[in-house]
$ cat entry-v1.tsv   # TSV, C-alpha atoms
chain	number	residue	atom	x	y	z
A	1	MET	CA	24.57	-24.93	1.62
A	2	THR	CA	21.73	-25.82	-0.71
A	3	ILE	CA	18.71	-23.54	-0.42
A	4	SER	CA	15.58	-25.64	0.10
A	5	PHE	CA	11.93	-24.68	0.36
A	6	GLU	CA	10.69	-28.03	1.72
A	7	GLY	CA	7.66	-27.49	3.91
A	8	LYS	CA	7.17	-23.92	2.67
A	9	VAL	CA	4.04	-22.58	0.97
A	10	ALA	CA	4.48	-19.90	-1.68
A	11	ILE	CA	2.06	-17.68	-3.58
A	12	VAL	CA	3.37	-16.30	-6.86
A	13	THR	CA	1.22	-13.76	-8.67
A	14	GLY	CA	1.25	-13.43	-12.44
A	15	ALA	CA	2.73	-16.94	-12.59
A	16	GLY	CA	1.16	-18.16	-15.82
A	17	ASN	CA	3.96	-16.80	-17.99
A	18	GLY	CA	7.39	-15.20	-17.97
A	19	LEU	CA	9.04	-14.30	-14.69
A	20	GLY	CA	6.21	-15.55	-12.47
A	21	LYS	CA	6.17	-18.94	-14.18
A	22	SER	CA	9.94	-19.23	-13.82
A	23	HIS	CA	9.74	-18.33	-10.10
A	24	ALA	CA	6.91	-20.81	-9.46
A	25	LEU	CA	8.66	-23.70	-11.20
A	26	ALA	CA	11.95	-23.03	-9.40
A	27	LEU	CA	10.28	-22.85	-5.98
A	28	ALA	CA	8.43	-26.09	-6.63
A	29	LYS	CA	11.59	-27.80	-7.82
A	30	ARG	CA	13.17	-26.97	-4.46
A	31	GLY	CA	10.24	-28.37	-2.50
A	32	ALA	CA	7.77	-25.54	-2.03
A	33	LYS	CA	4.03	-25.97	-2.38
A	34	VAL	CA	3.01	-23.30	-4.86
A	35	VAL	CA	-0.13	-21.29	-5.58
A	36	VAL	CA	0.07	-20.32	-9.24
A	37	ASN	CA	-1.89	-17.10	-9.50
A	38	ASP	CA	-2.73	-15.64	-12.88
A	39	LEU	CA	-5.71	-13.74	-14.19
A	40	GLY	CA	-4.69	-14.86	-17.64
A	41	GLY	CA	-5.12	-11.46	-19.27
A	42	ALA	CA	-3.22	-9.95	-22.17
A	43	ARG	CA	-0.15	-7.78	-21.63
A	44	ASP	CA	-2.37	-4.69	-21.33
A	45	GLY	CA	-4.56	-6.40	-18.73
A	46	SER	CA	-7.53	-7.13	-20.99
A	47	GLY	CA	-9.30	-10.50	-21.02
A	48	GLN	CA	-8.71	-13.49	-18.80
A	49	SER	CA	-8.04	-17.22	-19.05
A	50	SER	CA	-7.01	-19.93	-16.59
A	51	GLU	CA	-5.21	-22.01	-19.21
A	52	ALA	CA	-1.67	-20.69	-18.68
A	53	ALA	CA	-1.79	-21.08	-14.89
A	54	GLN	CA	-3.19	-24.60	-15.17
A	55	GLU	CA	-0.36	-25.55	-17.50
A	56	VAL	CA	2.18	-24.40	-14.92
A	57	VAL	CA	0.39	-26.42	-12.24
A	58	ALA	CA	0.45	-29.47	-14.51
A	59	GLU	CA	4.19	-29.02	-15.05
A	60	ILE	CA	4.78	-28.85	-11.30
A	61	THR	CA	2.58	-31.82	-10.40
A	62	SER	CA	3.94	-34.00	-13.19
A	63	ALA	CA	7.39	-33.50	-11.68
A	64	GLY	CA	6.10	-34.64	-8.29
A	65	GLY	CA	5.41	-31.26	-6.75
A	66	GLU	CA	2.28	-29.76	-5.20
A	67	ALA	CA	0.46	-26.78	-6.70
A	68	PHE	CA	-2.90	-25.33	-7.52
A	69	SER	CA	-3.97	-22.38	-9.61
A	70	HIS	CA	-6.13	-19.40	-8.72
A	71	GLY	CA	-7.32	-16.73	-11.12
A	72	ALA	CA	-7.63	-13.85	-8.65
A	73	ASN	CA	-7.32	-10.37	-10.07
A	74	VAL	CA	-4.74	-8.93	-7.68
A	75	ALA	CA	-6.40	-5.51	-7.96
A	76	ASP	CA	-9.54	-6.97	-6.33
A	77	PHE	CA	-9.01	-7.57	-2.61
A	78	VAL	CA	-12.01	-9.89	-2.28
A	79	GLN	CA	-10.61	-12.21	-4.95
A	80	VAL	CA	-7.19	-12.10	-3.30
A	81	GLN	CA	-8.72	-12.99	0.07
A	82	ASP	CA	-10.40	-15.99	-1.54
A	83	MET	CA	-7.05	-17.15	-2.94
A	84	VAL	CA	-5.38	-16.89	0.46
A	85	ALA	CA	-8.32	-18.61	2.18
A	86	GLN	CA	-8.06	-21.54	-0.25
A	87	THR	CA	-4.32	-21.70	0.42
A	88	MET	CA	-4.88	-21.84	4.17
A	89	ASP	CA	-7.61	-24.47	3.82
A	90	LYS	CA	-5.31	-26.63	1.72
A	91	TRP	CA	-1.92	-26.15	3.35
A	92	GLY	CA	-2.46	-24.20	6.58
A	93	ARG	CA	0.20	-21.52	6.12
A	94	VAL	CA	1.75	-18.99	3.74
A	95	ASP	CA	5.51	-18.55	3.99
A	96	ILE	CA	6.39	-16.77	0.75
A	97	LEU	CA	4.64	-14.16	-1.38
A	98	ILE	CA	6.11	-13.01	-4.66
A	99	ASN	CA	4.26	-9.94	-5.97
A	100	ASN	CA	4.99	-10.32	-9.66
A	101	ALA	CA	1.70	-9.64	-11.48
A	102	GLY	CA	1.75	-6.63	-13.78
A	103	ILE	CA	0.50	-5.02	-16.96
A	104	LEU	CA	1.70	-2.33	-19.33
A	105	ARG	CA	-0.15	0.63	-20.83
A	106	ASP	CA	2.81	2.53	-22.29
A	107	LYS	CA	2.35	6.02	-23.76
A	108	SER	CA	3.99	9.37	-23.28
A	109	PHE	CA	2.45	11.29	-20.39
A	110	ALA	CA	0.95	13.83	-22.80
A	111	LYS	CA	-0.97	11.09	-24.62
A	112	MET	CA	-1.78	8.83	-21.69
A	113	SER	CA	-5.31	8.72	-20.32
A	114	LEU	CA	-5.79	8.89	-16.57
A	115	ASP	CA	-7.68	5.59	-16.81
A	116	ASP	CA	-4.54	3.91	-18.18
A	117	PHE	CA	-2.45	5.54	-15.46
A	118	LYS	CA	-4.81	4.37	-12.71
A	119	LEU	CA	-5.14	0.83	-14.06
A	120	VAL	CA	-1.39	0.27	-14.04
A	121	MET	CA	-1.18	1.68	-10.51
A	122	ASP	CA	-4.05	-0.58	-9.41
A	123	VAL	CA	-2.40	-3.75	-10.68
A	124	HIS	CA	1.23	-3.10	-9.71
A	125	LEU	CA	0.83	-1.08	-6.52
A	126	MET	CA	-2.59	-2.02	-5.16
A	127	GLY	CA	-2.09	-5.58	-6.36
A	128	SER	CA	1.02	-5.77	-4.17
A	129	VAL	CA	-0.83	-4.07	-1.31
A	130	ASN	CA	-3.82	-6.41	-1.56
A	131	CYS	CA	-1.77	-9.60	-1.66
A	132	THR	CA	0.52	-8.47	1.14
A	133	LYS	CA	-2.42	-7.36	3.30
A	134	ALA	CA	-4.14	-10.73	2.79
A	135	VAL	CA	-1.13	-12.69	4.10
A	136	TRP	CA	0.22	-10.17	6.63
A	137	ASP	CA	-1.60	-11.38	9.74
A	138	ILE	CA	-0.91	-15.01	8.80
A	139	MET	CA	2.81	-14.29	8.62
A	140	ARG	CA	2.70	-12.30	11.86
A	141	GLU	CA	0.97	-15.14	13.72
A	142	GLN	CA	3.41	-17.76	12.46
A	143	ASN	CA	6.37	-15.40	13.07
A	144	TYR	CA	7.71	-16.00	9.60
A	145	GLY	CA	7.28	-14.49	6.18
A	146	ARG	CA	9.24	-13.70	3.05
A	147	ILE	CA	7.77	-11.14	0.63
A	148	VAL	CA	9.28	-10.07	-2.67
A	149	MET	CA	8.12	-6.90	-4.40
A	150	THR	CA	8.83	-6.45	-8.09
A	151	THR	CA	10.23	-3.01	-8.81
A	152	SER	CA	11.92	-1.79	-11.99
A	153	SER	CA	14.71	0.36	-13.33
A	154	SER	CA	11.85	2.32	-14.95
A	155	GLY	CA	10.78	3.40	-11.48
A	156	MET	CA	14.20	3.98	-9.99
A	157	TYR	CA	15.68	5.78	-12.99
A	158	GLY	CA	12.81	6.62	-15.36
A	159	ASN	CA	11.89	5.35	-18.81
A	160	PHE	CA	10.23	7.28	-21.63
A	161	GLY	CA	6.55	6.40	-22.05
A	162	GLN	CA	6.25	4.67	-18.67
A	163	SER	CA	5.16	7.34	-16.20
A	164	ASN	CA	2.38	5.08	-14.87
A	165	TYR	CA	4.55	1.97	-14.67
A	166	GLY	CA	7.51	3.89	-13.22
A	167	ALA	CA	5.35	5.54	-10.56
A	168	ALA	CA	3.90	2.18	-9.51
A	169	LYS	CA	7.28	0.49	-9.43
A	170	MET	CA	8.78	3.20	-7.25
A	171	ALA	CA	5.73	3.09	-4.98
A	172	VAL	CA	6.26	-0.58	-4.10
A	173	LEU	CA	9.68	0.38	-2.72
A	174	GLY	CA	8.03	2.87	-0.39
A	175	LEU	CA	5.66	0.09	0.67
A	176	MET	CA	8.60	-2.25	1.25
A	177	ASN	CA	10.56	0.28	3.32
A	178	THR	CA	7.76	0.72	5.86
A	179	LEU	CA	6.70	-2.94	5.99
A	180	VAL	CA	10.31	-3.90	6.76
A	181	LEU	CA	10.07	-1.83	9.96
A	182	GLU	CA	6.63	-3.15	10.90
A	183	GLY	CA	7.38	-6.80	10.15
A	184	ALA	CA	10.82	-7.10	11.75
A	185	LYS	CA	9.70	-8.38	15.16
A	186	ASN	CA	7.80	-11.25	13.48
A	187	ASP	CA	10.67	-12.24	11.15
A	188	ILE	CA	8.82	-10.98	8.08
A	189	ARG	CA	11.47	-9.92	5.60
A	190	ILE	CA	10.57	-7.83	2.56
A	191	ASN	CA	12.85	-7.33	-0.41
A	192	ALA	CA	12.48	-6.23	-4.01
A	193	VAL	CA	13.73	-7.52	-7.33
A	194	ALA	CA	14.38	-5.17	-10.26
A	195	PRO	CA	14.39	-7.60	-13.20
A	196	THR	CA	15.59	-7.18	-16.73
A	197	ALA	CA	14.04	-10.02	-18.67
A	198	GLY	CA	12.63	-10.95	-22.04
A	199	THR	CA	8.95	-11.47	-21.27
A	200	ARG	CA	5.61	-10.54	-22.83
A	201	MET	CA	6.20	-7.13	-21.26
A	202	THR	CA	9.46	-6.54	-23.14
A	203	GLU	CA	9.34	-8.78	-26.22
A	204	ASP	CA	8.68	-5.84	-28.55
A	205	LEU	CA	11.70	-3.96	-27.22
A	206	MET	CA	14.43	-6.54	-27.83
A	207	PRO	CA	15.66	-8.50	-30.89
A	208	GLU	CA	15.38	-12.29	-30.59
A	209	ASN	CA	19.07	-12.97	-30.00
A	210	ILE	CA	19.12	-10.45	-27.14
A	211	LEU	CA	15.87	-11.85	-25.74
A	212	LYS	CA	17.58	-15.20	-25.21
A	213	MET	CA	20.22	-13.54	-23.06
A	214	PHE	CA	17.47	-12.01	-20.91
A	215	ALA	CA	15.49	-15.19	-20.24
A	216	PRO	CA	13.34	-15.04	-17.08
A	217	GLU	CA	15.28	-18.02	-15.74
A	218	PHE	CA	18.28	-15.72	-15.31
A	219	VAL	CA	16.32	-13.53	-12.86
A	220	THR	CA	14.78	-16.31	-10.75
A	221	PRO	CA	17.96	-17.34	-8.86
A	222	GLY	CA	18.07	-13.81	-7.46
A	223	VAL	CA	14.42	-13.97	-6.42
A	224	LEU	CA	14.91	-17.29	-4.64
A	225	THR	CA	17.82	-15.75	-2.74
A	226	LEU	CA	15.32	-13.21	-1.36
A	227	CYS	CA	12.87	-15.94	-0.29
A	228	ASP	CA	14.77	-18.36	1.93
A	229	ASP	CA	15.38	-18.47	5.68
A	230	ASP	CA	18.61	-16.49	5.40
A	231	ALA	CA	17.18	-13.84	3.07
A	232	PRO	CA	18.36	-10.28	3.51
A	233	ASN	CA	15.90	-7.55	4.43
A	234	ARG	CA	15.08	-4.30	2.64
A	235	THR	CA	17.30	-5.14	-0.30
A	236	ILE	CA	16.70	-4.10	-3.91
A	237	LEU	CA	18.30	-6.74	-6.10
A	238	ALA	CA	18.70	-5.95	-9.79
A	239	ALA	CA	18.91	-9.10	-11.90
A	240	GLY	CA	19.11	-10.00	-15.56
A	241	ALA	CA	21.21	-11.79	-18.19
A	242	GLY	CA	23.26	-13.42	-15.44
A	243	GLY	CA	24.06	-10.12	-13.74
A	244	TYR	CA	23.13	-9.40	-10.12
A	245	ALA	CA	23.62	-6.11	-8.26
A	246	THR	CA	22.00	-4.30	-5.37
A	247	ALA	CA	20.55	-0.80	-5.75
A	248	SER	CA	20.17	1.66	-2.87
A	249	ILE	CA	18.83	5.12	-2.09
A	250	TYR	CA	21.43	7.28	-0.39
A	251	GLU	CA	21.27	10.73	1.19
A	252	ALA	CA	24.13	13.22	1.18
A	253	ASP	CA	25.34	14.45	4.55
A	254	GLY	CA	24.22	17.98	3.68
A	255	ILE	CA	24.63	21.30	5.45
A	256	PHE	CA	23.08	23.32	8.28
A	257	LEU	CA	21.91	26.92	7.90
A	258	SER	CA	20.84	29.08	10.82
A	259	PRO	CA	17.36	30.66	10.57
A	260	GLU	CA	18.71	33.98	9.32
A	261	GLN	CA	20.76	32.16	6.65
A	262	GLN	CA	17.89	30.07	5.31
A	263	THR	CA	17.36	31.62	1.89
A	264	PRO	CA	17.30	30.03	-1.58
A	265	GLU	CA	20.34	32.14	-2.43
A	266	ALA	CA	22.34	30.64	0.46
A	267	ILE	CA	21.33	27.10	-0.52
A	268	ARG	CA	22.35	27.71	-4.12
A	269	GLU	CA	25.66	29.21	-2.98
A	270	LYS	CA	26.42	26.07	-0.97
A	271	TRP	CA	24.99	23.68	-3.56
A	272	GLN	CA	28.27	21.79	-3.93
A	273	GLN	CA	28.17	20.93	-0.21
A	274	VAL	CA	24.45	20.09	-0.37
A	275	THR	CA	25.13	17.55	-3.11
A	276	ASP	CA	28.52	16.27	-1.88
A	277	THR	CA	28.27	12.47	-1.61
A	278	THR	CA	31.51	11.97	0.32
A	279	HIS	CA	29.69	11.04	3.54
A	280	HIS	CA	26.40	9.87	2.04
A	281	GLN	CA	24.52	7.06	3.74
A	282	ALA	CA	21.45	4.88	3.37
A	283	LEU	CA	18.94	5.85	6.07
A	284	GLU	CA	17.13	2.91	7.67
A	285	ALA	CA	13.96	4.91	8.47
A	286	GLY	CA	12.43	8.28	7.59
A	287	VAL	CA	12.93	9.54	11.14
A	288	LYS	CA	16.70	9.21	10.67
A	289	GLN	CA	16.66	12.18	8.29
A	290	GLY	CA	15.14	14.37	10.99
A	291	GLU	CA	17.61	13.07	13.56
A	292	LYS	CA	20.50	13.95	11.25
A	293	PHE	CA	19.33	17.52	10.71
A	294	VAL	CA	18.57	18.04	14.43
A	295	GLY	CA	22.06	16.77	15.17
A	296	LYS	CA	23.52	19.33	12.77
A	297	ALA	CA	21.50	22.11	14.36
A	298	MET	CA	22.58	21.14	17.87
A	299	ALA	CA	26.22	20.91	16.81
A	300	SER	CA	25.95	24.39	15.31
A	301	MET	CA	24.49	25.78	18.55
A	302	LYS	CA	27.26	24.14	20.56
A	303	ASN	CA	29.93	25.53	18.25
A	304	GLY	CA	28.26	28.93	18.20
$ encode --input "entry-v1.tsv" --output "structure tokens"
Amino acid sequence: MTISFEGKVAIVTGAGNGLGKSHALALAKRGAKVVVNDLGGARDGSGQSSEAAQEVVAEITSAGGEAFSHGANVADFVQVQDMVAQTMDKWGRVDILINNAGILRDKSFAKMSLDDFKLVMDVHLMGSVNCTKAVWDIMREQNYGRIVMTTSSSGMYGNFGQSNYGAAKMAVLGLMNTLVLEGAKNDIRINAVAPTAGTRMTEDLMPENILKMFAPEFVTPGVLTLCDDDAPNRTILAAGAGGYATASIYEADGIFLSPEQQTPEAIREKWQQVTDTTHHQALEAGVKQGEKFVGKAMASMKNG
């Protein structure tokens, strides 16, 4: 069945270039009304210009779609609120939010200033928080919402010189995991994409022939899958170069030690069992970890 976004209103942040532009154009092509958000800054977040976002809007409208641009800095909640208010005034609803805006300030941790660390956290993490907060009650009241966070392999697995970026990208997964629980009763589904793409963020890292393989357009089909009525929930979808795979956080089954056994020596002695992934599982909420360990303790008491 063809996925359509007719009648849906989408906000895409950082949509003047790269991944965001690709997402915005694809949503519009399938019928969505699109807010093209972009501060228009450089890759490191400096400066601003509305030109890129306006060009994307022109491309959408010339093809018969509906769009407008807004230059909100996602790290500024007041500006984000204004963007959402304009969206509601114009179209009366917000169905889809793609938190894509981001910057880079790469340096090894030893050489990185705390200002550069905080700025990247503000844009990636607080930008996602601000935009999500601004649409949250709207989505709750209409009992519908699709939100996509943008995470990264740099957050899930680490990447030299990107402690700030990696921390922010892992943090949006923590945000997603809790919002999934809080939004479920109102059919608000939150997922994350972990893209590998040749954009302004990565152009210095890849030769030109490889860049073509990692075009943003090869990530967007995955993102659209996370936006429609039948979207999954709480899914991390890695996408790039035509490859698509889910990533998950699993917890080993683990062991139980009685109070008198609870020493670092005993844990080290049983380390193979602690780390055994034979019966590992993805826990659907933090409380499930506590339930598992209480269950082990109770089983031990019963057996004892």
$ closest_residue --input "entry-v1.tsv" --among "A:Leu25, A:Val223, A:Val287, A:Leu39" --to "A:Val80" --atoms "all atoms listed in the file"
A:Leu39
$ closest_residue --input "entry-v1.tsv" --among "A:Val180, A:Ala247, A:Cys227, A:Ala110" --to "A:Ala285" --atoms "only C-alpha atoms"
A:Val180
$ atom_distance --input "entry-v1.tsv" --atom1 "atom CA of A:Ala75" --atom2 "atom CA of A:Arg105"
15.6 Å
$ closest_residue --input "entry-v1.tsv" --among "A:Asn37, A:Ser163, A:Asn100, A:Ser113" --to "A:Gly71" --atoms "all atoms listed in the file"
A:Asn37
$ closest_atom_pairs --input "entry-v1.tsv" --of "stretch 139-258 of chain A" --to "stretch 3-22 of chain A" --cutoff "12 Å" --atoms "all atoms listed in the file" --output "JSON lines"
{"residue": "A:Met139", "atom": "CA", "partner": "A:Val9", "partner_atom": "CA", "distance": 11.3}
{"residue": "A:Tyr144", "atom": "CA", "partner": "A:Lys8", "partner_atom": "CA", "distance": 10.5}
{"residue": "A:Gly145", "atom": "CA", "partner": "A:Ala10", "partner_atom": "CA", "distance": 9.9}
{"residue": "A:Arg146", "atom": "CA", "partner": "A:Ala10", "partner_atom": "CA", "distance": 9.1}
{"residue": "A:Ile147", "atom": "CA", "partner": "A:Ala10", "partner_atom": "CA", "distance": 9.6}
{"residue": "A:Val148", "atom": "CA", "partner": "A:Val12", "partner_atom": "CA", "distance": 9.6}
{"residue": "A:Met149", "atom": "CA", "partner": "A:Thr13", "partner_atom": "CA", "distance": 10.6}
{"residue": "A:Thr150", "atom": "CA", "partner": "A:Leu19", "partner_atom": "CA", "distance": 10.3}
{"residue": "A:Val193", "atom": "CA", "partner": "A:Leu19", "partner_atom": "CA", "distance": 11.1}
{"residue": "A:Ala194", "atom": "CA", "partner": "A:Leu19", "partner_atom": "CA", "distance": 11.5}
{"residue": "A:Pro195", "atom": "CA", "partner": "A:Leu19", "partner_atom": "CA", "distance": 8.7}
{"residue": "A:Thr196", "atom": "CA", "partner": "A:Leu19", "partner_atom": "CA", "distance": 9.9}
{"residue": "A:Ala197", "atom": "CA", "partner": "A:Leu19", "partner_atom": "CA", "distance": 7.7}
{"residue": "A:Gly198", "atom": "CA", "partner": "A:Gly18", "partner_atom": "CA", "distance": 7.9}
{"residue": "A:Thr199", "atom": "CA", "partner": "A:Gly18", "partner_atom": "CA", "distance": 5.2}
{"residue": "A:Arg200", "atom": "CA", "partner": "A:Gly18", "partner_atom": "CA", "distance": 7.0}
{"residue": "A:Met201", "atom": "CA", "partner": "A:Gly18", "partner_atom": "CA", "distance": 8.8}
{"residue": "A:Thr202", "atom": "CA", "partner": "A:Gly18", "partner_atom": "CA", "distance": 10.3}
{"residue": "A:Glu203", "atom": "CA", "partner": "A:Gly18", "partner_atom": "CA", "distance": 10.6}
{"residue": "A:Leu211", "atom": "CA", "partner": "A:Gly18", "partner_atom": "CA", "distance": 12.0}
{"residue": "A:Phe214", "atom": "CA", "partner": "A:Leu19", "partner_atom": "CA", "distance": 10.7}
{"residue": "A:Ala215", "atom": "CA", "partner": "A:Gly18", "partner_atom": "CA", "distance": 8.4}
{"residue": "A:Pro216", "atom": "CA", "partner": "A:Leu19", "partner_atom": "CA", "distance": 5.0}
{"residue": "A:Glu217", "atom": "CA", "partner": "A:Ser22", "partner_atom": "CA", "distance": 5.8}
{"residue": "A:Phe218", "atom": "CA", "partner": "A:Ser22", "partner_atom": "CA", "distance": 9.2}
{"residue": "A:Val219", "atom": "CA", "partner": "A:Leu19", "partner_atom": "CA", "distance": 7.5}
{"residue": "A:Thr220", "atom": "CA", "partner": "A:Ser22", "partner_atom": "CA", "distance": 6.4}
{"residue": "A:Pro221", "atom": "CA", "partner": "A:Ser22", "partner_atom": "CA", "distance": 9.6}
{"residue": "A:Gly222", "atom": "CA", "partner": "A:Leu19", "partner_atom": "CA", "distance": 11.6}
{"residue": "A:Val223", "atom": "CA", "partner": "A:Leu19", "partner_atom": "CA", "distance": 9.9}
{"residue": "A:Leu224", "atom": "CA", "partner": "A:Ile3", "partner_atom": "CA", "distance": 8.4}
{"residue": "A:Thr225", "atom": "CA", "partner": "A:Ile3", "partner_atom": "CA", "distance": 8.2}
{"residue": "A:Leu226", "atom": "CA", "partner": "A:Ile3", "partner_atom": "CA", "distance": 10.9}
{"residue": "A:Cys227", "atom": "CA", "partner": "A:Phe5", "partner_atom": "CA", "distance": 8.8}
{"residue": "A:Asp228", "atom": "CA", "partner": "A:Ile3", "partner_atom": "CA", "distance": 6.9}
{"residue": "A:Asp229", "atom": "CA", "partner": "A:Ile3", "partner_atom": "CA", "distance": 8.6}
{"residue": "A:Asp230", "atom": "CA", "partner": "A:Ile3", "partner_atom": "CA", "distance": 9.1}
{"residue": "A:Ala231", "atom": "CA", "partner": "A:Ile3", "partner_atom": "CA", "distance": 10.4}
{"residue": "A:Ala239", "atom": "CA", "partner": "A:Leu19", "partner_atom": "CA", "distance": 11.5}
{"residue": "A:Gly240", "atom": "CA", "partner": "A:Leu19", "partner_atom": "CA", "distance": 11.0}
$ write_last_selection --input "entry-v1.tsv" --atoms "C-alpha atoms" --output "short mmCIF file (atom, residue, chain, number, x, y, z; two decimals), in the frame of the given file"
data_model
loop_
_atom_site.label_atom_id
_atom_site.label_comp_id
_atom_site.auth_asym_id
_atom_site.auth_seq_id
_atom_site.Cartn_x
_atom_site.Cartn_y
_atom_site.Cartn_z
CA MET A 139 2.81 -14.29 8.62
CA TYR A 144 7.71 -16.00 9.60
CA GLY A 145 7.28 -14.49 6.18
CA ARG A 146 9.24 -13.70 3.05
CA ILE A 147 7.77 -11.14 0.63
CA VAL A 148 9.28 -10.07 -2.67
CA MET A 149 8.12 -6.90 -4.40
CA THR A 150 8.83 -6.45 -8.09
CA VAL A 193 13.73 -7.52 -7.33
CA ALA A 194 14.38 -5.17 -10.26
CA PRO A 195 14.39 -7.60 -13.20
CA THR A 196 15.59 -7.18 -16.73
CA ALA A 197 14.04 -10.02 -18.67
CA GLY A 198 12.63 -10.95 -22.04
CA THR A 199 8.95 -11.47 -21.27
CA ARG A 200 5.61 -10.54 -22.83
CA MET A 201 6.20 -7.13 -21.26
CA THR A 202 9.46 -6.54 -23.14
CA GLU A 203 9.34 -8.78 -26.22
CA LEU A 211 15.87 -11.85 -25.74
CA PHE A 214 17.47 -12.01 -20.91
CA ALA A 215 15.49 -15.19 -20.24
CA PRO A 216 13.34 -15.04 -17.08
CA GLU A 217 15.28 -18.02 -15.74
CA PHE A 218 18.28 -15.72 -15.31
CA VAL A 219 16.32 -13.53 -12.86
CA THR A 220 14.78 -16.31 -10.75
CA PRO A 221 17.96 -17.34 -8.86
CA GLY A 222 18.07 -13.81 -7.46
CA VAL A 223 14.42 -13.97 -6.42
CA LEU A 224 14.91 -17.29 -4.64
CA THR A 225 17.82 -15.75 -2.74
CA LEU A 226 15.32 -13.21 -1.36
CA CYS A 227 12.87 -15.94 -0.29
CA ASP A 228 14.77 -18.36 1.93
CA ASP A 229 15.38 -18.47 5.68
CA ASP A 230 18.61 -16.49 5.40
CA ALA A 231 17.18 -13.84 3.07
CA ALA A 239 18.91 -9.10 -11.90
CA GLY A 240 19.11 -10.00 -15.56
#
$ atom_distance --input "entry-v1.tsv" --atom1 "atom CA of A:Thr275" --atom2 "atom CA of A:Ala252"
6.2 Å
$ residues_around --input "entry-v1.tsv" --residues "A:Met112" --least-positions-apart "6" --cutoff "12 Å" --atoms "all atoms listed in the file" --output "list in words"
Leu104, Arg105, Asp106, Lys118, Leu119, Val120, Gly161, Gln162, Ser163, Asn164 and Tyr165 of chain A
$ closest_residue --input "entry-v1.tsv" --among "A:Asp253, A:Met1, A:Gln261, A:Val274" --to "A:Phe293" --atoms "all atoms listed in the file"
A:Asp253
$ closest_residue --input "entry-v1.tsv" --among "A:Phe109, A:Trp136, A:Phe68, A:Phe117" --to "A:Asn159" --atoms "only C-alpha atoms"
A:Phe109
$ residues_around --input "entry-v1.tsv" --residues "A:Ala184" --least-positions-apart "5" --cutoff "9 Å" --atoms "only C-alpha atoms" --output "list in words"
Leu179, Arg189 and Asn233 of chain A
$ write_last_selection --input "entry-v1.tsv" --atoms "C-alpha atoms" --output "compact mmCIF listing (two decimals), in the coordinates of the input"
# COMPACT_ATOMS: atom_id res chain seq x y z
CA LEU A 179 6.70 -2.94 5.99
CA ARG A 189 11.47 -9.92 5.60
CA ASN A 233 15.90 -7.55 4.43
$ closest_residue --input "entry-v1.tsv" --among "A:His124, A:Ala26, A:Gly295, A:Val135" --to "A:Asp82" --atoms "all atoms listed in the file"
A:Val135
$ residues_near_point --input "entry-v1.tsv" --point "(13.6, 1.2, -9.5)" --cutoff "8 Å" --atoms "all atoms listed in the file" --output "list in words"
Thr151, Ser152, Ser153, Ser154, Gly155, Met156, Tyr157, Gly166, Lys169, Met170, Leu173 and Ala194 of chain A
